[in-house]
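Trainee: Sharing protein22.cif (mmCIF, C-alpha atoms and all ligand atoms) below.
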data_input
#
loop_
_atom_site.label_atom_id
_atom_site.label_comp_id
_atom_site.auth_asym_id
_atom_site.auth_seq_id
_atom_site.Cartn_x
_atom_site.Cartn_y
_atom_site.Cartn_z
CA MET A 1 -87.00 -12.04 3.04
CA ALA A 2 -83.76 -10.21 3.71
CA LYS A 3 -81.37 -9.96 0.80
CA LYS A 4 -78.17 -11.94 1.27
CA ILE A 5 -74.70 -10.42 1.03
CA GLY A 6 -71.57 -12.58 1.03
CA VAL A 7 -68.38 -11.61 2.79
CA ILE A 8 -65.11 -13.32 2.05
CA THR A 9 -61.46 -12.91 3.06
CA SER A 10 -59.08 -14.22 0.45
CA GLY A 11 -55.37 -14.50 -0.38
CA GLY A 12 -52.76 -13.92 2.33
CA ASP A 13 -54.27 -13.02 5.68
CA ALA A 14 -53.58 -9.53 7.00
CA PRO A 15 -54.06 -8.19 10.53
CA GLY A 16 -57.28 -6.20 10.58
CA MET A 17 -59.24 -8.51 8.31
CA ASN A 18 -61.34 -9.46 11.31
CA ALA A 19 -62.05 -5.83 12.12
CA ALA A 20 -63.17 -5.38 8.51
CA VAL A 21 -65.44 -8.45 8.66
CA ARG A 22 -66.98 -7.10 11.86
CA ALA A 23 -67.66 -3.72 10.25
CA VAL A 24 -69.12 -5.21 7.06
CA VAL A 25 -71.36 -7.60 8.98
CA ARG A 26 -72.62 -5.07 11.49
CA GLN A 27 -73.26 -2.35 8.93
CA GLY A 28 -74.89 -4.90 6.59
CA ILE A 29 -77.24 -6.04 9.34
CA PHE A 30 -78.00 -2.41 10.14
CA PHE A 31 -79.22 -2.01 6.54
CA GLY A 32 -81.36 -5.14 6.89
CA TYR A 33 -79.26 -7.63 4.91
CA GLN A 34 -78.58 -11.21 5.87
CA MET A 35 -74.82 -11.59 6.06
CA ILE A 36 -73.25 -14.80 4.80
CA GLY A 37 -69.62 -15.59 5.58
CA ILE A 38 -67.75 -17.61 2.99
CA LYS A 39 -65.01 -19.69 4.57
CA ARG A 40 -61.45 -20.32 3.33
CA GLY A 41 -61.50 -17.75 0.57
CA PHE A 42 -62.71 -18.60 -2.92
CA LYS A 43 -62.06 -22.28 -2.27
CA GLY A 44 -64.90 -22.15 0.27
CA LEU A 45 -67.16 -20.55 -2.31
CA LEU A 46 -66.51 -23.44 -4.69
CA ASP A 47 -66.84 -26.01 -1.89
CA ASP A 48 -70.05 -24.59 -0.36
CA GLU A 49 -68.52 -23.53 2.94
CA PHE A 50 -70.96 -20.89 4.17
CA VAL A 51 -71.97 -19.58 7.56
CA THR A 52 -74.61 -17.05 8.58
CA LEU A 53 -72.98 -14.18 10.44
CA THR A 54 -74.85 -12.36 13.18
CA LEU A 55 -74.05 -9.31 15.27
CA ARG A 56 -72.72 -11.67 17.92
CA SER A 57 -70.65 -13.91 15.66
CA VAL A 58 -68.34 -10.94 15.03
CA SER A 59 -68.05 -10.00 18.72
CA GLY A 60 -64.57 -9.87 20.22
CA ILE A 61 -62.67 -10.09 16.95
CA ILE A 62 -61.66 -6.45 16.37
CA ASN A 63 -58.40 -7.07 18.24
CA MET A 64 -57.56 -10.42 16.67
CA GLY A 65 -55.00 -11.10 13.91
CA GLY A 66 -55.66 -13.58 11.13
CA THR A 67 -59.19 -14.03 9.85
CA MET A 68 -62.09 -15.78 11.60
CA LEU A 69 -63.42 -16.73 8.17
CA HIS A 70 -60.10 -18.41 7.30
CA THR A 71 -58.55 -17.72 3.90
CA GLY A 72 -56.59 -19.41 1.16
CA ARG A 73 -54.89 -19.12 -2.18
CA CYS A 74 -57.25 -20.45 -4.81
CA PRO A 75 -55.63 -21.10 -8.22
CA GLU A 76 -59.09 -21.77 -9.73
CA THR A 77 -59.86 -18.04 -9.55
CA LYS A 78 -57.29 -17.59 -12.31
CA THR A 79 -59.21 -19.86 -14.69
CA LYS A 80 -62.38 -19.25 -16.68
CA THR A 81 -63.87 -22.52 -15.44
CA GLY A 82 -63.11 -21.64 -11.82
CA MET A 83 -64.70 -18.22 -12.07
CA GLY A 84 -67.67 -19.69 -13.90
CA ARG A 85 -68.16 -22.05 -10.97
CA ALA A 86 -67.84 -19.13 -8.54
CA VAL A 87 -70.57 -17.18 -10.35
CA LYS A 88 -72.80 -20.26 -10.35
CA ALA A 89 -72.25 -20.73 -6.60
CA ILE A 90 -73.09 -17.07 -5.92
CA LYS A 91 -76.36 -17.47 -7.87
CA GLU A 92 -77.23 -20.75 -6.16
CA ILE A 93 -76.86 -19.30 -2.67
CA GLY A 94 -78.83 -16.28 -3.85
CA LEU A 95 -76.26 -13.64 -2.97
CA GLU A 96 -77.23 -10.11 -3.90
CA GLY A 97 -73.57 -9.14 -3.84
CA LEU A 98 -70.13 -9.95 -2.51
CA ILE A 99 -67.72 -8.02 -0.29
CA ILE A 100 -64.17 -9.24 -0.89
CA ILE A 101 -61.53 -8.41 1.69
CA GLY A 102 -58.02 -9.05 0.35
CA GLY A 103 -55.05 -7.99 -1.75
CA ASP A 104 -54.24 -7.89 -5.45
CA GLY A 105 -55.33 -11.48 -6.21
CA SER A 106 -58.69 -10.78 -4.58
CA LEU A 107 -58.97 -7.59 -6.60
CA ALA A 108 -58.33 -9.50 -9.83
CA ALA A 109 -61.03 -12.02 -8.85
CA GLY A 110 -63.41 -9.17 -7.99
CA ASN A 111 -62.78 -7.62 -11.38
CA VAL A 112 -63.65 -10.85 -13.21
CA LEU A 113 -66.77 -11.41 -11.08
CA SER A 114 -67.98 -7.87 -11.75
CA LYS A 115 -67.62 -8.53 -15.50
CA TYR A 116 -69.88 -11.56 -15.03
CA GLY A 117 -72.49 -9.26 -13.51
CA VAL A 118 -71.87 -9.95 -9.83
CA LYS A 119 -72.17 -6.84 -7.64
CA VAL A 120 -68.80 -6.63 -5.94
CA ILE A 121 -67.02 -4.37 -3.52
CA ASN A 122 -63.35 -5.04 -2.80
CA ILE A 123 -61.74 -3.87 0.42
CA ALA A 124 -57.98 -3.37 0.22
CA ALA A 125 -56.30 -5.65 2.76
CA SER A 126 -52.72 -6.84 2.47
CA ILE A 127 -49.48 -6.36 4.39
CA ASP A 128 -47.77 -5.53 1.06
CA ASN A 129 -49.52 -2.17 0.54
CA ASP A 130 -49.12 -2.68 -3.20
CA ILE A 131 -52.62 -1.85 -4.45
CA TYR A 132 -53.30 1.04 -6.79
CA GLY A 133 -56.17 3.24 -5.60
CA THR A 134 -55.35 3.27 -1.90
CA ASP A 135 -52.54 4.96 -0.01
CA GLU A 136 -52.72 2.21 2.59
CA THR A 137 -54.08 -1.31 2.88
CA ILE A 138 -55.54 -2.96 5.95
CA GLY A 139 -52.76 -4.78 7.81
CA TYR A 140 -49.89 -2.76 6.44
CA ASP A 141 -49.41 -0.57 9.53
CA THR A 142 -49.41 -3.64 11.79
CA ALA A 143 -46.84 -5.46 9.64
CA LEU A 144 -44.75 -2.28 9.52
CA ASN A 145 -44.71 -2.04 13.32
CA THR A 146 -43.97 -5.75 13.71
CA ALA A 147 -41.00 -5.53 11.35
CA VAL A 148 -39.66 -2.35 12.95
CA GLU A 149 -39.84 -3.92 16.40
CA ALA A 150 -37.97 -6.97 15.09
CA ILE A 151 -35.25 -4.82 13.52
CA ASP A 152 -34.85 -2.84 16.75
CA LYS A 153 -33.97 -6.17 18.37
CA ILE A 154 -31.67 -7.17 15.53
CA ARG A 155 -29.90 -3.82 15.97
CA ASP A 156 -28.95 -4.78 19.54
CA THR A 157 -27.16 -7.93 18.49
CA ALA A 158 -25.71 -6.30 15.34
CA LYS A 159 -24.17 -3.53 17.46
CA SER A 160 -22.81 -5.93 20.06
CA HIS A 161 -20.98 -7.94 17.36
CA ASP A 162 -20.13 -5.09 14.98
CA ARG A 163 -22.02 -6.90 12.24
CA VAL A 164 -23.85 -6.06 9.08
CA PHE A 165 -27.35 -7.55 8.84
CA VAL A 166 -29.43 -8.24 5.81
CA VAL A 167 -33.05 -8.35 6.98
CA GLU A 168 -35.51 -9.87 4.54
CA ILE A 169 -38.95 -8.28 4.47
CA MET A 170 -42.11 -9.50 2.77
CA GLY A 171 -43.86 -7.66 -0.05
CA ARG A 172 -43.94 -10.06 -2.96
CA GLU A 173 -42.52 -8.20 -6.00
CA HIS A 174 -42.74 -4.76 -4.41
CA GLY A 175 -40.76 -2.76 -1.86
CA PHE A 176 -43.51 -0.63 -0.32
CA LEU A 177 -43.29 -2.32 3.08
CA THR A 178 -39.50 -2.55 2.97
CA VAL A 179 -38.91 1.13 2.33
CA ASP A 180 -41.08 2.28 5.23
CA VAL A 181 -39.64 -0.38 7.54
CA GLY A 182 -36.17 0.79 6.52
CA LEU A 183 -36.89 4.42 7.27
CA ALA A 184 -38.67 3.72 10.57
CA ALA A 185 -35.97 1.33 11.81
CA GLY A 186 -33.13 3.65 10.83
CA CYS A 187 -31.68 1.15 8.38
CA GLU A 188 -28.58 2.16 6.46
CA PHE A 189 -29.76 0.80 3.12
CA ILE A 190 -32.77 -0.65 1.43
CA VAL A 191 -32.81 -3.06 -1.47
CA VAL A 192 -36.11 -3.11 -3.37
CA PRO A 193 -37.22 -4.44 -6.75
CA GLU A 194 -38.14 -0.93 -7.88
CA MET A 195 -34.52 0.31 -7.73
CA LYS A 196 -31.30 -1.08 -9.15
CA VAL A 197 -28.47 -1.75 -6.69
CA ASP A 198 -24.88 -0.91 -7.48
CA MET A 199 -23.12 -3.58 -5.42
CA GLN A 200 -19.70 -1.89 -5.62
CA LYS A 201 -21.16 1.39 -4.39
CA LEU A 202 -23.12 -0.34 -1.63
CA ALA A 203 -19.99 -2.14 -0.45
CA ALA A 204 -17.97 1.08 -0.48
CA GLU A 205 -20.69 2.87 1.52
CA LEU A 206 -20.85 0.07 4.07
CA LYS A 207 -17.08 0.25 4.57
CA LYS A 208 -17.27 4.04 4.82
CA GLY A 209 -19.89 3.56 7.55
CA LYS A 210 -17.42 1.45 9.53
CA ASP A 211 -14.73 4.11 9.07
CA LYS A 212 -17.17 6.69 10.42
CA GLY A 213 -17.54 4.61 13.59
CA LYS A 214 -20.77 2.75 12.90
CA THR A 215 -21.00 -0.38 15.02
CA SER A 216 -23.84 -1.89 13.02
CA GLU A 217 -25.32 -1.53 9.58
CA ILE A 218 -28.66 -2.91 8.54
CA ILE A 219 -29.89 -3.50 5.01
CA ALA A 220 -33.66 -3.87 4.64
CA PHE A 221 -33.97 -6.34 1.78
CA ALA A 222 -37.28 -6.90 -0.03
CA GLU A 223 -38.13 -10.54 -0.72
CA GLY A 224 -38.81 -9.63 -4.35
CA CYS A 225 -35.09 -8.99 -4.89
CA GLY A 226 -34.13 -12.67 -4.78
CA LEU A 227 -32.32 -14.73 -2.18
CA SER A 228 -31.23 -12.67 0.80
CA GLY A 229 -28.64 -15.35 1.67
CA ASP A 230 -26.89 -14.98 -1.71
CA PHE A 231 -27.05 -11.23 -1.44
CA ALA A 232 -25.50 -11.31 2.05
CA LYS A 233 -22.65 -13.56 0.82
CA LYS A 234 -21.89 -11.09 -1.96
CA VAL A 235 -21.86 -8.21 0.52
CA GLY A 236 -19.52 -10.17 2.79
CA LYS A 237 -17.13 -10.91 -0.07
CA LEU A 238 -17.06 -7.34 -1.35
CA THR A 239 -16.60 -5.71 2.04
CA GLY A 240 -14.75 -8.25 4.14
CA LEU A 241 -17.26 -7.42 6.90
CA GLU A 242 -19.13 -9.94 9.01
CA VAL A 243 -22.64 -10.28 7.55
CA ARG A 244 -25.66 -12.14 8.91
CA VAL A 245 -29.14 -12.69 7.50
CA SER A 246 -32.48 -12.60 9.24
CA ASN A 247 -35.66 -13.40 7.39
CA LEU A 248 -38.61 -11.90 9.27
CA GLY A 249 -41.02 -14.19 7.43
CA TYR A 250 -44.57 -14.85 8.50
CA ILE A 251 -44.38 -13.01 11.83
CA GLN A 252 -45.11 -9.98 9.64
CA ARG A 253 -48.53 -11.39 8.80
CA GLY A 254 -49.67 -12.11 12.34
CA GLY A 255 -50.36 -10.37 15.60
CA ARG A 256 -52.90 -8.01 17.06
CA PRO A 257 -53.80 -5.26 14.62
CA THR A 258 -52.58 -1.79 15.57
CA ALA A 259 -55.12 0.92 16.34
CA ARG A 260 -54.41 2.46 12.92
CA THR A 261 -55.14 -0.84 11.17
CA ARG A 262 -58.37 -1.33 13.16
CA ILE A 263 -59.55 2.18 12.37
CA LEU A 264 -58.91 1.74 8.64
CA ALA A 265 -60.59 -1.68 8.64
CA SER A 266 -63.65 -0.35 10.46
CA LYS A 267 -63.99 2.63 8.12
CA PHE A 268 -63.42 0.54 4.99
CA GLY A 269 -65.97 -2.08 6.06
CA TYR A 270 -68.56 0.53 7.01
CA THR A 271 -68.05 2.41 3.73
CA ALA A 272 -68.20 -0.75 1.64
CA MET A 273 -71.69 -1.58 2.97
CA ASP A 274 -72.79 2.04 2.78
CA LEU A 275 -71.82 2.19 -0.91
CA PHE A 276 -73.40 -1.18 -1.60
CA HIS A 277 -76.66 -0.09 -0.02
CA LYS A 278 -76.65 3.03 -2.18
CA GLY A 279 -76.32 0.82 -5.26
CA LYS A 280 -72.70 1.77 -5.89
CA THR A 281 -70.74 -1.38 -6.65
CA ASN A 282 -67.74 -2.75 -8.54
CA LEU A 283 -65.53 -0.53 -6.46
CA LEU A 284 -62.32 -0.82 -4.47
CA VAL A 285 -62.52 0.83 -1.06
CA GLY A 286 -59.32 2.36 0.27
CA ILE A 287 -57.90 5.62 1.60
CA THR A 288 -56.63 8.59 -0.40
CA ASP A 289 -55.10 11.73 1.11
CA GLY A 290 -56.51 10.89 4.53
CA ALA A 291 -60.10 10.22 3.45
CA VAL A 292 -61.84 6.92 2.71
CA SER A 293 -62.12 6.60 -1.05
CA ALA A 294 -63.49 4.29 -3.73
CA ILE A 295 -62.37 3.77 -7.30
CA PRO A 296 -63.71 1.38 -9.95
CA ILE A 297 -62.17 -2.08 -9.66
CA HIS A 298 -61.28 -2.14 -13.35
CA LYS A 299 -59.17 0.97 -12.81
CA ALA A 300 -57.49 -0.44 -9.69
CA VAL A 301 -56.36 -3.57 -11.57
CA LYS A 302 -55.16 -1.56 -14.56
CA TYR A 303 -52.62 0.69 -12.87
CA GLU A 304 -49.53 0.07 -10.76
CA LYS A 305 -49.03 1.89 -7.48
CA LYS A 306 -46.20 4.43 -7.68
CA PHE A 307 -43.08 3.76 -5.62
CA ASP A 308 -41.97 6.75 -3.54
CA VAL A 309 -38.29 7.29 -4.34
CA GLN A 310 -38.24 10.32 -2.03
CA THR A 311 -38.48 8.02 1.01
CA VAL A 312 -35.29 6.29 -0.10
CA LYS A 313 -33.54 9.66 -0.39
CA VAL A 314 -34.62 10.58 3.14
CA LEU A 315 -33.41 7.23 4.48
CA ARG A 316 -30.02 7.57 2.85
CA SER A 317 -29.57 11.18 3.97
CA LEU A 318 -30.36 10.35 7.57
CA SER A 319 -28.41 7.12 7.92
CA VAL A 320 -25.03 8.85 8.01
O1 LIG A 401 -49.28 -10.92 0.00
C1 LIG A 401 -48.87 -11.15 1.31
C2 LIG A 401 -47.66 -12.05 1.34
O2 LIG A 401 -47.31 -12.26 2.70
C3 LIG A 401 -46.46 -11.56 0.54
O3 LIG A 401 -45.74 -10.57 1.21
C4 LIG A 401 -45.70 -12.85 0.34
O4 LIG A 401 -44.89 -12.78 -0.80
C5 LIG A 401 -46.81 -13.85 0.17
O5 LIG A 401 -47.97 -13.30 0.76
C6 LIG A 401 -46.58 -15.21 0.74
O6 LIG A 401 -47.62 -16.03 0.33
P1 LIG A 401 -48.07 -17.40 1.00
O7 LIG A 401 -48.88 -17.09 2.19
O8 LIG A 401 -48.87 -18.06 -0.06
O9 LIG A 401 -46.82 -18.14 1.34
#
Using structure tokens, write down the structure that the file contains.

Mentor:
Amino acid sequence: MAKKIGVITSGGDAPGMNAAVRAVVRQGIFFGYQMIGIKRGFKGLLDDEFVTLTLRSVSGIINMGGTMLHTGRCPETKTKTGMGRAVKAIKEIGLEGLIIIGGDGSLAAGNVLSKYGVKVINIAASIDNDIYGTDETIGYDTALNTAVEAIDKIRDTAKSHDRVFVVEIMGREHGFLTVDVGLAAGCEFIVVPEMKVDMQKLAAELKKGKDKGKTSEIIAFAEGCGLSGDFAKKVGKLTGLEVRVSNLGYIQRGGRPTARTRILASKFGYTAMDLFHKGKTNLLVGITDGAVSAIPIHKAVKYEKKFDVQTVKVLRSLSV
């Protein structure tokens, strides 16, 4: 009888998760495994929501956003009882191992499962790009492009009204997405949790921008920095300029994955099954210096990804 491998998408969905599921399933079947999809993230594992995945059940999904397996936040994964139940479920279904596609919460769950003796491979997927051990996560490039396209549109209205815009960008408590969105959209400033803001200086710079003939100024504001509405009011008060807020919200999580996202997802999924088949488990699959890479999960959860201050310098130098 073929050995069973589980595949799960968990936490916030990210474009490209489907492409990763497709790659994992097809490569798993190539190696002779029976591939079992677990629905709705870890909640589905606890609630026995399983489906056998075939070559055909992952047809036509490479270009689709979201996740065909569905996903969810599962607070039980943060408890000993919950994880105990998860291990029990894995044993009951007879899974040889588990491929987890998701972000930092999924990584933490993978780490605990591996300590319980489950053979795990995590695949880095999150729009936040905040995982140590990978230069890029699945879904990040798509979210980046979605946000940049949105800001290009905001720029049109900002220019027409001579307004300042504060654009709120997702990323939980990190500014990885915000800083790249800011640079790519030609924003004047970024506000991220990793760097302190001097409000007086920011206000002075915004006013200087007006004096230099700027008809619009855009501040890319990471959600982890608090309420963008309060921040915008402060900016308005300090500058006397007309300020508006736009929260890009969940549009950043949806949409057709970009080619870059699909390529990463396909390579990560393929590599995850390849490593598993070679008996190499308890790893996080990502990309480092242009090549697909894998580091131990326990290392990936231990360290924080470094924020690139240089990008902020470039943005500031060019937004004159
Ligand atoms: O991790 C992805 C993300 O979209 C974060 O950027 C955001 O803070 C969070 O998920 C929102 O979570 P939820 O989907 O539970 O509202």

Trainee: How would you report the residues lying within 10 Å of ligand LIG 401 (chain A), as a PyMOL selection string, if you count all atoms listed in the file?

Mentor: chain A and resi 11-14+71-74+102-105+125-130+139-140+143+169-175+177+222-224+249-254

Trainee: So, counting only C-alpha atoms, which residue among A:Ile29, A:Ala185, A:Ala265, A:Ile62 is closest to Asp152 in chain A?

Mentor: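 Closest to Asp152 in chain A of all the choices is A:Ala185.
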
Trainee: Tell me which protein, DNA and RNA residues are within 12 Å of Ile154 in chain A, counting all atoms listed in the file, leaving out same-chain ones fewer than 2 positions away, and put them as an NGL selection string.

Mentor: :A and (147-152 or 156-168 or 185-187 or 216-220 or 244-248)

Trainee: Find, counting all atoms listed in the file, the residue in A:Val181, A:Leu227, A:Gly236, A:Leu275 that gets nearest to Ala204 in chain A.

Mentor: A:Gly236

Trainee: In Å, rounded to a single decimal, give me how far CA of Ile38 in chain A is from CA of Phe50 in chain A.

Mentor: 4.7 Å

Trainee: Residues at most 8 Å from Lys305 in chain A, counting only C-alpha atoms, excluding those fewer than 6 positions away in the same chain, as a list in words?

Mentor: Asp130, Ile131, Tyr132 and Gly133 of chain A

Trainee: What is the distance, in Å and to one decimal place, between CA of Gly6 in chain A and CA of Lys119 in chain A?

Mentor: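 Going from CA of Gly6 in chain A over to CA of Lys119 in chain A covers 10.4 Å.
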
Trainee: Please identify all polymer residues lying at most 9 Å from the point (-62.1, -17.2, 0.8) (file coordinates), using only C-alpha atoms, and present the result as a ChimeraX atom specification.

Mentor: /A:7-11,38-45,69-74,100-101

Trainee: How would the residues just picked look written out with C-alpha atoms as a compact mmCIF listing (two decimals), in the frame of the given file?

Mentor:
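Result file out21.txt:
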# COMPACT_ATOMS: atom_id res chain seq x y z
CA VAL A 7 -68.38 -11.61 2.79
CA ILE A 8 -65.11 -13.32 2.05
CA THR A 9 -61.46 -12.91 3.06
CA SER A 10 -59.08 -14.22 0.45
CA GLY A 11 -55.37 -14.50 -0.38
CA ILE A 38 -67.75 -17.61 2.99
CA LYS A 39 -65.01 -19.69 4.57
CA ARG A 40 -61.45 -20.32 3.33
CA GLY A 41 -61.50 -17.75 0.57
CA PHE A 42 -62.71 -18.60 -2.92
CA LYS A 43 -62.06 -22.28 -2.27
CA GLY A 44 -64.90 -22.15 0.27
CA LEU A 45 -67.16 -20.55 -2.31
CA LEU A 69 -63.42 -16.73 8.17
CA HIS A 70 -60.10 -18.41 7.30
CA THR A 71 -58.55 -17.72 3.90
CA GLY A 72 -56.59 -19.41 1.16
CA ARG A 73 -54.89 -19.12 -2.18
CA CYS A 74 -57.25 -20.45 -4.81
CA ILE A 100 -64.17 -9.24 -0.89
CA ILE A 101 -61.53 -8.41 1.69
